[in-house]
>>> print(open('final_37.txt').read())   # compact mmCIF, C-alpha atoms
# COMPACT_ATOMS: atom_id res chain seq x y z
CA MET A 1 -35.70 -99.78 41.88
CA SER A 2 -39.01 -101.56 41.98
CA ASP A 3 -40.20 -104.08 44.51
CA PRO A 4 -40.03 -107.74 43.56
CA LEU A 5 -43.19 -109.07 41.96
CA TYR A 6 -44.09 -112.60 43.06
CA LEU A 7 -46.28 -114.50 40.64
CA ASN A 8 -47.77 -117.84 39.76
CA ALA A 9 -48.75 -118.63 36.19
CA GLU A 10 -52.37 -119.46 35.40
CA GLY A 11 -52.85 -122.82 33.75
CA LEU A 12 -50.08 -124.49 35.71
CA LYS A 13 -50.32 -126.48 38.91
CA ALA A 14 -49.80 -124.14 41.85
CA PRO A 15 -46.45 -124.59 43.61
CA ALA A 16 -46.38 -127.61 45.92
CA GLY A 17 -44.17 -125.84 48.43
CA HIS A 18 -43.69 -122.38 49.84
CA TYR A 19 -42.51 -120.58 46.71
CA SER A 20 -43.77 -118.72 43.66
CA HIS A 21 -43.35 -119.88 40.10
CA ALA A 22 -41.31 -116.76 39.39
CA VAL A 23 -40.22 -113.37 40.71
CA VAL A 24 -39.75 -110.29 38.54
CA VAL A 25 -37.31 -107.59 39.63
CA ASN A 26 -35.20 -104.98 37.81
CA GLY A 27 -36.11 -106.19 34.35
CA LEU A 28 -35.29 -109.82 35.06
CA VAL A 29 -37.45 -112.78 35.98
CA PHE A 30 -36.06 -115.52 38.22
CA VAL A 31 -37.92 -118.79 37.67
CA SER A 32 -38.13 -121.50 40.35
CA GLY A 33 -36.76 -124.99 39.85
CA LEU A 34 -39.33 -126.69 37.63
CA LEU A 35 -40.07 -130.40 37.70
CA PRO A 36 -41.94 -132.36 35.01
CA VAL A 37 -45.41 -131.93 36.50
CA ASP A 38 -48.47 -131.54 34.33
CA ALA A 39 -51.29 -129.02 34.74
CA GLN A 40 -53.26 -131.48 36.88
CA GLY A 41 -50.34 -131.92 39.24
CA ASN A 42 -49.25 -135.35 38.04
CA MET A 43 -45.54 -135.88 38.45
CA LEU A 44 -44.25 -137.57 35.29
CA ALA A 45 -41.53 -139.56 37.05
CA SER A 46 -42.23 -142.75 35.11
CA ALA A 47 -42.39 -141.09 31.69
CA SER A 48 -39.47 -141.09 29.25
CA PHE A 49 -36.68 -138.56 29.61
CA GLU A 50 -38.00 -136.80 26.52
CA VAL A 51 -41.53 -136.47 27.87
CA GLN A 52 -40.25 -135.25 31.22
CA THR A 53 -37.95 -132.69 29.61
CA ARG A 54 -40.66 -131.36 27.29
CA GLN A 55 -43.05 -130.98 30.23
CA ALA A 56 -40.57 -129.02 32.32
CA LEU A 57 -39.68 -126.80 29.36
CA ASP A 58 -43.31 -126.22 28.47
CA ASN A 59 -43.96 -125.19 32.07
CA LEU A 60 -41.07 -122.77 31.75
CA ALA A 61 -42.57 -121.24 28.61
CA VAL A 62 -45.89 -120.64 30.36
CA ILE A 63 -44.18 -119.00 33.33
CA LEU A 64 -42.00 -116.79 31.15
CA LYS A 65 -45.04 -115.53 29.26
CA ALA A 66 -46.94 -114.85 32.48
CA SER A 67 -43.91 -112.88 33.72
CA GLY A 68 -43.69 -110.56 30.72
CA SER A 69 -40.72 -112.43 29.32
CA ALA A 70 -40.52 -115.10 26.62
CA VAL A 71 -38.52 -118.12 25.51
CA SER A 72 -36.83 -115.80 23.01
CA ARG A 73 -35.68 -113.57 25.87
CA LEU A 74 -34.16 -116.25 28.09
CA VAL A 75 -30.85 -115.19 29.61
CA GLN A 76 -29.81 -118.32 31.49
CA VAL A 77 -31.01 -121.90 31.83
CA ARG A 78 -29.77 -124.44 34.36
CA ALA A 79 -30.76 -128.08 33.94
CA TYR A 80 -30.20 -130.55 36.77
CA LEU A 81 -30.05 -134.12 35.45
CA SER A 82 -30.19 -137.20 37.65
CA ASN A 83 -28.31 -139.04 34.89
CA ILE A 84 -25.69 -136.98 33.09
CA GLU A 85 -25.69 -139.58 30.33
CA ASN A 86 -28.84 -137.79 29.17
CA TRP A 87 -26.77 -134.72 28.24
CA THR A 88 -26.93 -135.33 24.49
CA GLU A 89 -30.63 -136.09 24.49
CA PHE A 90 -31.30 -133.07 26.67
CA ASN A 91 -29.37 -130.87 24.25
CA ARG A 92 -31.35 -132.22 21.29
CA ILE A 93 -34.76 -131.75 22.93
CA TYR A 94 -33.81 -128.33 24.26
CA GLN A 95 -32.61 -127.12 20.87
CA ALA A 96 -35.83 -128.22 19.19
CA TRP A 97 -37.85 -126.45 21.89
CA ILE A 98 -35.96 -123.16 22.03
CA GLY A 99 -35.08 -122.55 18.39
CA ASP A 100 -32.35 -120.10 17.42
CA VAL A 101 -31.83 -118.30 20.72
CA ARG A 102 -28.89 -119.55 22.78
CA PRO A 103 -29.06 -118.49 26.45
CA ALA A 104 -26.18 -119.12 28.82
CA ARG A 105 -26.61 -122.66 30.10
CA ALA A 106 -25.30 -125.10 32.64
CA VAL A 107 -26.11 -128.80 32.86
CA VAL A 108 -25.55 -130.02 36.40
CA PRO A 109 -25.53 -133.68 37.45
CA VAL A 110 -27.36 -134.46 40.68
CA PRO A 111 -28.23 -137.55 42.68
CA GLY A 112 -31.88 -138.64 42.54
CA LEU A 113 -34.25 -135.66 42.28
CA HIS A 114 -37.37 -135.09 44.36
CA HIS A 115 -40.20 -137.46 43.41
CA GLY A 116 -37.73 -139.53 41.38
CA VAL A 117 -37.96 -137.34 38.30
CA ALA A 118 -35.13 -137.13 35.77
CA ILE A 119 -34.82 -133.36 35.32
CA GLU A 120 -35.27 -130.02 37.09
CA ILE A 121 -34.92 -126.70 35.26
CA GLU A 122 -34.21 -123.18 36.55
CA ALA A 123 -34.05 -120.05 34.44
CA VAL A 124 -33.55 -116.30 34.31
CA GLY A 125 -35.25 -114.26 31.60
CA ALA A 126 -35.32 -110.65 30.49
CA VAL A 127 -38.66 -108.91 30.87
CA THR A 128 -40.04 -106.89 27.99
CA ASP A 129 -40.47 -103.16 28.51
CA MET B 1 -34.23 -102.18 29.38
CA SER B 2 -31.99 -103.52 26.68
CA ASP B 3 -32.34 -106.82 24.85
CA PRO B 4 -30.09 -109.67 25.96
CA LEU B 5 -26.83 -109.88 24.03
CA TYR B 6 -25.76 -113.45 23.28
CA LEU B 7 -22.04 -113.88 22.64
CA ASN B 8 -19.23 -116.35 22.20
CA ALA B 9 -15.67 -115.36 23.00
CA GLU B 10 -13.06 -115.47 20.25
CA GLY B 11 -10.09 -117.66 21.03
CA LEU B 12 -12.15 -120.26 22.87
CA LYS B 13 -13.67 -123.44 21.56
CA ALA B 14 -17.21 -122.72 20.38
CA PRO B 15 -19.91 -124.18 22.66
CA ALA B 16 -20.40 -127.91 22.16
CA GLY B 17 -24.13 -127.64 22.80
CA HIS B 18 -26.96 -125.25 22.09
CA TYR B 19 -25.84 -122.32 24.24
CA SER B 20 -23.70 -119.19 24.17
CA HIS B 21 -20.61 -118.64 26.28
CA ALA B 22 -22.34 -115.71 27.95
CA VAL B 23 -25.33 -113.38 27.86
CA VAL B 24 -25.20 -109.69 28.76
CA VAL B 25 -28.31 -107.97 30.08
CA ASN B 26 -28.98 -104.99 32.35
CA GLY B 27 -25.36 -104.44 33.25
CA LEU B 28 -24.70 -108.05 34.17
CA VAL B 29 -23.16 -110.92 32.27
CA PHE B 30 -24.34 -114.48 32.93
CA VAL B 31 -21.65 -117.01 31.99
CA SER B 32 -22.46 -120.60 31.03
CA GLY B 33 -21.19 -123.58 32.97
CA LEU B 34 -17.56 -123.92 31.88
CA LEU B 35 -15.66 -127.18 31.74
CA PRO B 36 -11.87 -127.56 31.54
CA VAL B 37 -11.64 -127.59 27.75
CA ASP B 38 -8.73 -126.02 25.91
CA ALA B 39 -8.87 -123.74 22.87
CA GLN B 40 -8.57 -126.73 20.52
CA GLY B 41 -11.54 -128.41 22.17
CA ASN B 42 -9.61 -131.02 24.14
CA MET B 43 -11.39 -131.96 27.34
CA LEU B 44 -8.77 -132.15 30.12
CA ALA B 45 -10.50 -134.92 32.04
CA SER B 46 -7.30 -136.82 32.74
CA ALA B 47 -5.28 -133.79 33.84
CA SER B 48 -4.70 -132.91 37.50
CA PHE B 49 -7.35 -131.04 39.45
CA GLU B 50 -5.11 -127.99 39.37
CA VAL B 51 -4.71 -128.03 35.61
CA GLN B 52 -8.44 -128.54 35.11
CA THR B 53 -9.32 -125.73 37.48
CA ARG B 54 -6.88 -123.29 35.90
CA GLN B 55 -8.22 -124.10 32.44
CA ALA B 56 -11.84 -123.49 33.45
CA LEU B 57 -10.90 -120.24 35.22
CA ASP B 58 -8.81 -119.04 32.29
CA ASN B 59 -11.76 -119.71 29.99
CA LEU B 60 -13.89 -117.63 32.35
CA ALA B 61 -11.43 -114.73 32.17
CA VAL B 62 -11.54 -114.73 28.36
CA ILE B 63 -15.33 -114.75 28.35
CA LEU B 64 -15.59 -111.96 30.93
CA LYS B 65 -13.28 -109.76 28.87
CA ALA B 66 -15.22 -110.46 25.69
CA SER B 67 -18.41 -109.49 27.54
CA GLY B 68 -17.19 -106.10 28.72
CA SER B 69 -16.65 -107.37 32.24
CA ALA B 70 -13.47 -108.54 33.97
CA VAL B 71 -12.20 -110.89 36.66
CA SER B 72 -12.03 -107.83 38.92
CA ARG B 73 -15.75 -107.23 38.38
CA LEU B 74 -17.01 -110.73 39.14
CA VAL B 75 -20.14 -110.72 41.26
CA GLN B 76 -20.72 -114.43 41.82
CA VAL B 77 -18.89 -117.67 41.12
CA ARG B 78 -20.31 -121.18 41.47
CA ALA B 79 -17.96 -124.15 41.32
CA TYR B 80 -19.34 -127.65 40.93
CA LEU B 81 -16.83 -130.25 42.15
CA SER B 82 -17.13 -133.98 41.52
CA ASN B 83 -15.04 -134.51 44.65
CA ILE B 84 -15.74 -132.07 47.47
CA GLU B 85 -12.43 -133.11 49.06
CA ASN B 86 -10.88 -130.78 46.50
CA TRP B 87 -12.43 -127.77 48.30
CA THR B 88 -9.17 -126.62 49.89
CA GLU B 89 -7.16 -127.00 46.72
CA PHE B 90 -9.87 -125.26 44.73
CA ASN B 91 -9.82 -122.36 47.17
CA ARG B 92 -6.03 -122.06 46.89
CA ILE B 93 -5.97 -122.13 43.09
CA TYR B 94 -8.91 -119.75 42.86
CA GLN B 95 -7.35 -117.23 45.24
CA ALA B 96 -4.09 -117.21 43.26
CA TRP B 97 -6.06 -116.68 40.06
CA ILE B 98 -8.45 -113.98 41.19
CA GLY B 99 -6.28 -111.87 43.49
CA ASP B 100 -7.85 -109.49 45.97
CA VAL B 101 -11.44 -109.41 44.74
CA ARG B 102 -13.83 -111.67 46.62
CA PRO B 103 -17.06 -112.37 44.71
CA ALA B 104 -19.93 -114.22 46.33
CA ARG B 105 -19.21 -117.91 45.89
CA ALA B 106 -20.71 -121.33 46.30
CA VAL B 107 -18.90 -124.65 46.02
CA VAL B 108 -21.39 -127.38 45.14
CA PRO B 109 -20.63 -131.11 45.22
CA VAL B 110 -21.97 -133.11 42.32
CA PRO B 111 -21.79 -136.70 41.12
CA GLY B 112 -19.56 -137.31 38.10
CA LEU B 113 -19.57 -134.36 35.68
CA HIS B 114 -20.03 -134.56 31.93
CA HIS B 115 -16.96 -136.03 30.15
CA GLY B 116 -15.62 -137.14 33.54
CA VAL B 117 -14.07 -133.78 34.36
CA ALA B 118 -13.47 -132.67 37.94
CA ILE B 119 -14.90 -129.15 37.86
CA GLU B 120 -17.53 -126.95 36.22
CA ILE B 121 -17.69 -123.18 36.83
CA GLU B 122 -20.56 -120.70 36.40
CA ALA B 123 -20.35 -116.97 37.02
CA VAL B 124 -22.10 -113.62 36.99
CA GLY B 125 -20.11 -110.45 36.36
CA ALA B 126 -20.77 -106.73 36.27
CA VAL B 127 -20.29 -105.10 32.89
CA THR B 128 -18.30 -101.89 32.64
CA ASP B 129 -20.16 -98.80 31.53
CA MET C 1 -24.06 -98.75 36.52
CA SER C 2 -22.40 -98.92 39.89
CA ASP C 3 -19.40 -101.01 40.83
CA PRO C 4 -20.05 -104.22 42.75
CA LEU C 5 -19.94 -103.79 46.52
CA TYR C 6 -18.29 -106.73 48.32
CA LEU C 7 -19.29 -107.11 51.94
CA ASN C 8 -19.15 -109.32 55.00
CA ALA C 9 -21.81 -109.07 57.68
CA GLU C 10 -20.81 -108.13 61.20
CA GLY C 11 -21.81 -110.66 63.81
CA LEU C 12 -21.18 -113.63 61.55
CA LYS C 13 -18.09 -115.75 61.24
CA ALA C 14 -15.89 -114.32 58.49
CA PRO C 15 -15.80 -116.43 55.32
CA ALA C 16 -13.55 -119.48 55.62
CA GLY C 17 -12.46 -119.24 52.00
CA HIS C 18 -11.69 -116.57 49.45
CA TYR C 19 -15.13 -115.03 49.10
CA SER C 20 -17.43 -112.39 50.56
CA HIS C 21 -20.70 -113.08 52.32
CA ALA C 22 -22.49 -111.09 49.64
CA VAL C 23 -22.07 -108.76 46.68
CA VAL C 24 -24.44 -105.89 45.88
CA VAL C 25 -24.80 -104.71 42.29
CA ASN C 26 -27.56 -103.04 40.27
CA GLY C 27 -30.14 -103.24 43.03
CA LEU C 28 -29.58 -106.91 43.72
CA VAL C 29 -27.56 -108.73 46.33
CA PHE C 30 -25.99 -112.09 45.50
CA VAL C 31 -25.39 -114.13 48.67
CA SER C 32 -22.70 -116.83 48.88
CA GLY C 33 -23.50 -120.45 49.59
CA LEU C 34 -24.17 -120.54 53.34
CA LEU C 35 -23.48 -123.52 55.57
CA PRO C 36 -24.88 -124.07 59.08
CA VAL C 37 -22.03 -122.39 60.93
CA ASP C 38 -22.60 -120.40 64.10
CA ALA C 39 -21.15 -117.00 64.96
CA GLN C 40 -18.16 -118.62 66.68
CA GLY C 41 -17.38 -120.63 63.57
CA ASN C 42 -18.65 -123.99 64.80
CA MET C 43 -19.92 -126.13 61.96
CA LEU C 44 -23.18 -127.74 63.10
CA ALA C 45 -22.68 -130.94 61.13
CA SER C 46 -23.85 -133.19 63.95
CA ALA C 47 -26.96 -131.15 64.81
CA SER C 48 -30.44 -132.08 63.61
CA PHE C 49 -31.57 -131.09 60.14
CA GLU C 50 -33.86 -128.50 61.72
CA VAL C 51 -31.08 -126.88 63.73
CA GLN C 52 -28.80 -126.82 60.72
CA THR C 53 -31.46 -125.32 58.49
CA ARG C 54 -32.39 -122.63 60.99
CA GLN C 55 -28.74 -121.67 61.42
CA ALA C 56 -28.16 -121.32 57.68
CA LEU C 57 -31.37 -119.30 57.28
CA ASP C 58 -30.55 -117.08 60.24
CA ASN C 59 -27.13 -116.39 58.71
CA LEU C 60 -28.91 -115.45 55.49
CA ALA C 61 -31.15 -112.98 57.35
CA VAL C 62 -28.13 -111.25 58.90
CA ILE C 63 -26.39 -110.96 55.54
CA LEU C 64 -29.49 -109.63 53.79
CA LYS C 65 -29.90 -106.92 56.42
CA ALA C 66 -26.23 -105.97 56.18
CA SER C 67 -26.65 -105.70 52.42
CA GLY C 68 -29.59 -103.31 52.50
CA SER C 69 -32.03 -106.06 51.62
CA ALA C 70 -34.32 -108.13 53.86
CA VAL C 71 -35.96 -111.53 54.14
CA SER C 72 -39.12 -109.85 52.87
CA ARG C 73 -37.29 -108.77 49.71
CA LEU C 74 -35.80 -112.13 48.78
CA VAL C 75 -36.02 -112.84 45.07
CA GLN C 76 -34.58 -116.34 44.83
CA VAL C 77 -33.46 -119.05 47.23
CA ARG C 78 -31.57 -122.22 46.30
CA ALA C 79 -31.22 -124.97 48.90
CA TYR C 80 -28.76 -127.81 48.34
CA LEU C 81 -29.73 -130.86 50.41
CA SER C 82 -27.48 -133.86 50.97
CA ASN C 83 -30.63 -135.91 51.54
CA ILE C 84 -33.58 -134.96 49.34
CA GLU C 85 -35.85 -136.87 51.73
CA ASN C 86 -35.58 -133.76 53.88
CA TRP C 87 -37.58 -131.78 51.29
CA THR C 88 -40.80 -131.71 53.33
CA GLU C 89 -39.07 -130.78 56.56
CA PHE C 90 -37.06 -128.12 54.76
CA ASN C 91 -40.25 -126.65 53.32
CA ARG C 92 -41.87 -126.55 56.75
CA ILE C 93 -38.91 -124.91 58.50
CA TYR C 94 -38.43 -122.47 55.64
CA GLN C 95 -42.08 -121.42 55.62
CA ALA C 96 -42.02 -120.76 59.36
CA TRP C 97 -38.86 -118.70 58.95
CA ILE C 98 -39.84 -116.63 55.95
CA GLY C 99 -43.53 -115.94 56.56
CA ASP C 100 -45.79 -114.82 53.75
CA VAL C 101 -43.24 -113.92 51.11
CA ARG C 102 -42.63 -116.59 48.47
CA PRO C 103 -39.38 -116.09 46.53
CA ALA C 104 -38.54 -118.25 43.54
CA ARG C 105 -36.92 -121.38 44.91
CA ALA C 106 -35.07 -124.49 43.89
CA VAL C 107 -34.23 -127.46 46.08
CA VAL C 108 -31.25 -129.30 44.65
CA PRO C 109 -30.02 -132.71 45.82
CA VAL C 110 -26.27 -133.07 46.20
CA PRO C 111 -23.86 -135.74 47.39
CA GLY C 112 -22.26 -135.09 50.79
CA LEU C 113 -21.64 -131.38 51.40
CA HIS C 114 -18.43 -129.82 52.66
CA HIS C 115 -17.81 -130.56 56.36
CA GLY C 116 -20.57 -133.18 56.24
CA VAL C 117 -23.37 -130.70 56.78
CA ALA C 118 -26.92 -131.37 55.60
CA ILE C 119 -27.75 -128.09 53.85
CA GLU C 120 -26.23 -125.19 51.92
CA ILE C 121 -28.27 -122.11 50.96
CA GLU C 122 -27.71 -119.48 48.25
CA ALA C 123 -29.91 -116.46 47.63
CA VAL C 124 -30.55 -113.33 45.62
CA GLY C 125 -32.34 -110.39 47.21
CA ALA C 126 -33.57 -106.99 46.11
CA VAL C 127 -31.86 -104.06 47.78
CA THR C 128 -33.97 -101.24 49.17
CA ASP C 129 -33.57 -97.85 47.57
>>> encode(input="final_37.txt", output="structure tokens")
Amino acid sequence: MSDPLYLNAEGLKAPAGHYSHAVVVNGLVFVSGLLPVDAQGNMLASASFEVQTRQALDNLAVILKASGSAVSRLVQVRAYLSNIENWTEFNRIYQAWIGDVRPARAVVPVPGLHHGVAIEIEAVGAVTD
Amino acid sequence: MSDPLYLNAEGLKAPAGHYSHAVVVNGLVFVSGLLPVDAQGNMLASASFEVQTRQALDNLAVILKASGSAVSRLVQVRAYLSNIENWTEFNRIYQAWIGDVRPARAVVPVPGLHHGVAIEIEAVGAVTD
Amino acid sequence: MSDPLYLNAEGLKAPAGHYSHAVVVNGLVFVSGLLPVDAQGNMLASASFEVQTRQALDNLAVILKASGSAVSRLVQVRAYLSNIENWTEFNRIYQAWIGDVRPARAVVPVPGLHHGVAIEIEAVGAVTD
């Protein structure tokens, strides 16, 4: 049993609140809820759903790599959508981003997200030995 | 540290999106968000809350078994309800389904779910040696 | 691989539904969705957001300790808020409560919570050897 490792990924905007980008423990990495924010800290609330989704997913990829995991080792992904009508578009963008691997997934409708963005993404990954 | 095992359960409708029914890693199984869909792929959106809930839970049982886990080894269950007024009925149906075991649980209200269903269920189980 | 350990914390109101306060498995503890309920079972739905948040967090601390974990070993925290405008106040109260440790975190907006409360909190912690 190791202690949890709290980490922020270089190259991403530091967390805006009191949290870490991710925590590694027992061979798993738990990733915080990610919003579509770019590396300069701009919240992409007025961008298209596709641009917002790609930004959140790209942030996830950076965090997974910094945690010793990878997109190809994702275990679970949870996407919160402020408009569930975006389900099909989310699925399309997500599939193009992730490739062949198919983690467990839940798509959860929510009322308006923080900062008025359209998507928030959480994930759990497996860490490489 | 083993690699994640991505699996779909036989006897259930294959996932409608880019995900697996469940992923096994490090002795745990992470189950995708399950909707009340029957084995033929019919979404039970117009059925009663009880019928929808039983269908989603029965799907969960099949997936747990296929993953080397079991209802009796559930660790955590998360139920998303489009009408939180169904809390009491959910609790009653769930208790009858699960029996004595009492996993950690959260009941989360959400705006209208995908396909207009009344419930979505996620879970984590422990895998048998 | 050990069997899951299902537990309720002494000093807290027993769960109102068919669940345990927490489940320990494989070095992790999964904590149920916690509402702002006091030790006598009073739901603090009419209290201020701050009082509600402190109560839910204090309940979490008791459960973590009873599980062999601790606030300082939290891995992930998920806060469901019925009014996302409380994000900043939540972050402030949470930071004061938790101190230096920064678990992975997600703040998720939801429609009205059960019993009309303002916050529900879920968590995963690491258990001490």
>>> calpha_fit_and_write(input="final_37.txt", fixed="chain B", moving="chain A", output="compact mmCIF listing (two decimals) with C-alpha atoms, in the coordinates of the input")
# COMPACT_ATOMS: atom_id res chain seq x y z
CA MET A 1 -34.19 -102.17 29.40
CA SER A 2 -32.00 -103.54 26.67
CA ASP A 3 -32.33 -106.83 24.87
CA PRO A 4 -30.08 -109.67 25.96
CA LEU A 5 -26.83 -109.89 24.04
CA TYR A 6 -25.74 -113.45 23.27
CA LEU A 7 -22.04 -113.88 22.66
CA ASN A 8 -19.23 -116.34 22.20
CA ALA A 9 -15.66 -115.36 23.00
CA GLU A 10 -13.05 -115.46 20.25
CA GLY A 11 -10.09 -117.66 21.02
CA LEU A 12 -12.14 -120.25 22.87
CA LYS A 13 -13.66 -123.44 21.55
CA ALA A 14 -17.20 -122.73 20.39
CA PRO A 15 -19.89 -124.18 22.66
CA ALA A 16 -20.41 -127.91 22.15
CA GLY A 17 -24.14 -127.64 22.76
CA HIS A 18 -26.95 -125.24 22.08
CA TYR A 19 -25.83 -122.32 24.23
CA SER A 20 -23.70 -119.19 24.18
CA HIS A 21 -20.61 -118.65 26.27
CA ALA A 22 -22.34 -115.71 27.94
CA VAL A 23 -25.33 -113.38 27.85
CA VAL A 24 -25.19 -109.70 28.77
CA VAL A 25 -28.32 -107.98 30.07
CA ASN A 26 -28.99 -105.00 32.36
CA GLY A 27 -25.36 -104.44 33.24
CA LEU A 28 -24.71 -108.06 34.18
CA VAL A 29 -23.16 -110.94 32.29
CA PHE A 30 -24.34 -114.49 32.94
CA VAL A 31 -21.65 -117.01 31.99
CA SER A 32 -22.46 -120.61 31.03
CA GLY A 33 -21.18 -123.59 32.97
CA LEU A 34 -17.55 -123.90 31.90
CA LEU A 35 -15.66 -127.18 31.74
CA PRO A 36 -11.86 -127.56 31.54
CA VAL A 37 -11.64 -127.58 27.74
CA ASP A 38 -8.73 -126.02 25.91
CA ALA A 39 -8.87 -123.74 22.87
CA GLN A 40 -8.58 -126.74 20.54
CA GLY A 41 -11.55 -128.42 22.17
CA ASN A 42 -9.61 -131.02 24.15
CA MET A 43 -11.38 -131.96 27.34
CA LEU A 44 -8.77 -132.14 30.11
CA ALA A 45 -10.51 -134.91 32.05
CA SER A 46 -7.30 -136.82 32.73
CA ALA A 47 -5.28 -133.79 33.84
CA SER A 48 -4.71 -132.92 37.50
CA PHE A 49 -7.35 -131.05 39.46
CA GLU A 50 -5.11 -127.98 39.38
CA VAL A 51 -4.71 -128.03 35.61
CA GLN A 52 -8.42 -128.55 35.11
CA THR A 53 -9.32 -125.73 37.48
CA ARG A 54 -6.87 -123.29 35.90
CA GLN A 55 -8.24 -124.09 32.44
CA ALA A 56 -11.84 -123.48 33.45
CA LEU A 57 -10.90 -120.24 35.21
CA ASP A 58 -8.82 -119.04 32.29
CA ASN A 59 -11.78 -119.70 29.99
CA LEU A 60 -13.89 -117.63 32.35
CA ALA A 61 -11.43 -114.74 32.17
CA VAL A 62 -11.55 -114.74 28.37
CA ILE A 63 -15.35 -114.75 28.36
CA LEU A 64 -15.60 -111.97 30.93
CA LYS A 65 -13.29 -109.76 28.87
CA ALA A 66 -15.24 -110.46 25.68
CA SER A 67 -18.43 -109.50 27.55
CA GLY A 68 -17.20 -106.11 28.72
CA SER A 69 -16.64 -107.37 32.24
CA ALA A 70 -13.47 -108.54 33.98
CA VAL A 71 -12.20 -110.88 36.67
CA SER A 72 -12.03 -107.82 38.93
CA ARG A 73 -15.74 -107.22 38.38
CA LEU A 74 -17.00 -110.72 39.15
CA VAL A 75 -20.14 -110.72 41.27
CA GLN A 76 -20.71 -114.43 41.83
CA VAL A 77 -18.88 -117.67 41.13
CA ARG A 78 -20.31 -121.17 41.49
CA ALA A 79 -17.95 -124.14 41.32
CA TYR A 80 -19.34 -127.65 40.94
CA LEU A 81 -16.83 -130.25 42.16
CA SER A 82 -17.14 -133.97 41.52
CA ASN A 83 -15.04 -134.50 44.66
CA ILE A 84 -15.72 -132.06 47.47
CA GLU A 85 -12.44 -133.13 49.05
CA ASN A 86 -10.89 -130.77 46.50
CA TRP A 87 -12.44 -127.78 48.30
CA THR A 88 -9.18 -126.62 49.89
CA GLU A 89 -7.17 -127.01 46.71
CA PHE A 90 -9.88 -125.26 44.73
CA ASN A 91 -9.82 -122.36 47.18
CA ARG A 92 -6.04 -122.07 46.91
CA ILE A 93 -5.97 -122.13 43.10
CA TYR A 94 -8.93 -119.76 42.87
CA GLN A 95 -7.35 -117.25 45.24
CA ALA A 96 -4.11 -117.22 43.27
CA TRP A 97 -6.07 -116.71 40.04
CA ILE A 98 -8.46 -113.99 41.19
CA GLY A 99 -6.29 -111.87 43.47
CA ASP A 100 -7.84 -109.47 45.97
CA VAL A 101 -11.42 -109.40 44.73
CA ARG A 102 -13.81 -111.67 46.62
CA PRO A 103 -17.06 -112.37 44.72
CA ALA A 104 -19.93 -114.22 46.33
CA ARG A 105 -19.20 -117.91 45.90
CA ALA A 106 -20.71 -121.33 46.31
CA VAL A 107 -18.90 -124.65 46.02
CA VAL A 108 -21.38 -127.38 45.15
CA PRO A 109 -20.62 -131.11 45.24
CA VAL A 110 -21.97 -133.11 42.31
CA PRO A 111 -21.79 -136.70 41.11
CA GLY A 112 -19.55 -137.32 38.09
CA LEU A 113 -19.57 -134.37 35.67
CA HIS A 114 -20.03 -134.56 31.91
CA HIS A 115 -16.98 -136.02 30.15
CA GLY A 116 -15.62 -137.13 33.53
CA VAL A 117 -14.06 -133.78 34.35
CA ALA A 118 -13.47 -132.67 37.94
CA ILE A 119 -14.90 -129.14 37.87
CA GLU A 120 -17.52 -126.93 36.22
CA ILE A 121 -17.70 -123.18 36.85
CA GLU A 122 -20.55 -120.69 36.41
CA ALA A 123 -20.34 -116.97 37.02
CA VAL A 124 -22.09 -113.61 36.98
CA GLY A 125 -20.10 -110.45 36.36
CA ALA A 126 -20.77 -106.73 36.27
CA VAL A 127 -20.31 -105.10 32.88
CA THR A 128 -18.32 -101.89 32.62
CA ASP A 129 -20.15 -98.78 31.48
>>> interface_residues(input="final_37.txt", of="chain B", to="chain C", cutoff="6 Å", atoms="all atoms listed in the file", output="number ranges by chain")
B: 102-106, 110
>>> atom_distance(input="final_37.txt", atom1="atom CA of A:Asn86", atom2="atom CA of A:Ala47")
14.2 Å
>>> residues_around(input="final_37.txt", residues="C:Val71", least_positions_apart="5", cutoff="10 Å", atoms="all atoms listed in the file", output="PyMOL selection string")
chain C and resi 57-58+60-65+97-99+101+103+125-126
>>> atom_distance(input="final_37.txt", atom1="atom CA of B:Ala9", atom2="atom CA of B:Arg92")
26.6 Å
>>> axis_aligned_box(input="final_37.txt", around="stretch 78-93 of chain A", padding_each_side="3 Å", output="AutoDock Vina command-line options")
--center_x -30.2 --center_y -132.0 --center_z 29.5 --size_x 15.1 --size_y 21.1 --size_z 22.4
>>> decode(input="final_37.txt", residues="stretch 89-93 of chain A", atoms="N, CA, C and O atoms", output="compact mmCIF listing (two decimals), in the first residue's frame")
# COMPACT_ATOMS: atom_id res chain seq x y z
N GLU A 89 -22.97 13.42 -30.78
CA GLU A 89 -21.76 14.14 -31.19
C GLU A 89 -20.62 13.84 -30.22
O GLU A 89 -19.47 13.66 -30.64
N PHE A 90 -20.94 13.78 -28.94
CA PHE A 90 -19.90 13.42 -27.98
C PHE A 90 -19.30 12.06 -28.33
O PHE A 90 -18.07 11.88 -28.35
N ASN A 91 -20.17 11.10 -28.60
CA ASN A 91 -19.69 9.74 -28.89
C ASN A 91 -18.77 9.72 -30.12
O ASN A 91 -17.75 9.04 -30.13
N ARG A 92 -19.14 10.51 -31.12
CA ARG A 92 -18.34 10.57 -32.35
C ARG A 92 -16.96 11.19 -32.09
O ARG A 92 -15.93 10.66 -32.51
N ILE A 93 -16.95 12.31 -31.37
CA ILE A 93 -15.68 13.00 -31.10
C ILE A 93 -14.79 12.13 -30.20
O ILE A 93 -13.58 12.01 -30.41
